[in-house]
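Inspection log for the structure reproduced underneath, given as structure tokens.
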Amino acid sequence: MTTTEAAEVTPETAEPADHDHGVHGYHKQKDEHLKRLRRIEGQIRGLQRMVDEDVYCIDILTQVSASTKALQSFALQLLEEHLRHCVADAALKGGDEIEAKVEEATKAIARMLRT
């Protein structure tokens, strides 16, 4: 699923954000996310197998790059869902909550850029 394929959440369709009780921006795509993470897990296991089988270094590095891109893509999707759900919900509520959510998202983006 690409970021453009994610269901768009509007204020009318958004469910209330509940940071502590499991209602998060990704909950509607949870099954798809788990499937995607299992594929990435398989890629990582493939890397372990390649090392165990003494595969050529460059071939392993190619697979490392593919695994890294898959994780980055997953992270971007999750970030988009966070912005559409959690940050948008905070914007509707206004006040200090929106400032906290924007700061939280900014720090998450900074962490992603460092990788």
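A note on labels: chains of the structure tokens are A, B, ... as shown, every chain counts residues from 1, and ligands are counted from 1 in their shown order.
Residues with any atom within 9 Å of range 64-73 of chain A, counting only C-alpha atoms and excluding same-chain neighbours fewer than 5 positions away, are Thr2, Thr3, Arg36, Leu37, Ile40, Glu41, Gln43, Ile44, Leu47, Asp59, Leu78 and Met112 of chain A.
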Selected residues written out with C-alpha atoms, as a CSV table (one decimal), in the first residue's frame:
chain,number,residue,atom,x,y,z
A,2,THR,CA,1.4,3.4,-0.9
A,3,THR,CA,0.8,6.6,1.0
A,36,ARG,CA,4.0,-5.8,5.4
A,37,LEU,CA,6.1,-6.2,8.6
A,40,ILE,CA,10.2,-7.3,6.0
A,41,GLU,CA,10.9,-9.9,8.7
A,43,GLN,CA,13.7,-10.2,4.2
A,44,ILE,CA,15.8,-9.9,7.4
A,47,LEU,CA,19.8,-11.7,5.2
A,59,ASP,CA,24.6,-9.3,-2.9
A,78,LEU,CA,2.8,5.2,9.6
A,112,MET,CA,13.7,9.2,10.6
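The gap separating CA of Arg114 in chain A from CA of Gln77 in chain A is 17.5 Å, in Å to one decimal.
Taking CA of Gly46 in chain A and CA of His33 in chain A as the two end points, the separation is 19.8 Å.
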CA of Tyr26 in chain A sits from CA of Glu81 in chain A at a separation of 5.8 Å
From the set A:Val55, A:His24, A:Ile98, A:Arg45, which residue has the shortest atom-to-atom contact distance to His82 in chain A, counting only C-alpha atoms? A:His24
DSSP on the backbone, then: every residue of range 6-115 of chain A marked alpha helix (DSSP H), written as number ranges by chain. A: 30-52, 57-82, 88-93, 96-114
Would you mind listing what lies within 12 Å of Ala91 in chain A as an NGL selection string, with only C-alpha atoms counted and same-chain residues fewer than 4 positions away left out? :A and (10-11 or 17 or 83-87 or 95-102)
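Counting only C-alpha atoms and comparing A:Leu79, A:Met50, A:Ala88, A:Ile58, the residue that lies closest to Lys107 in chain A is A:Leu79.
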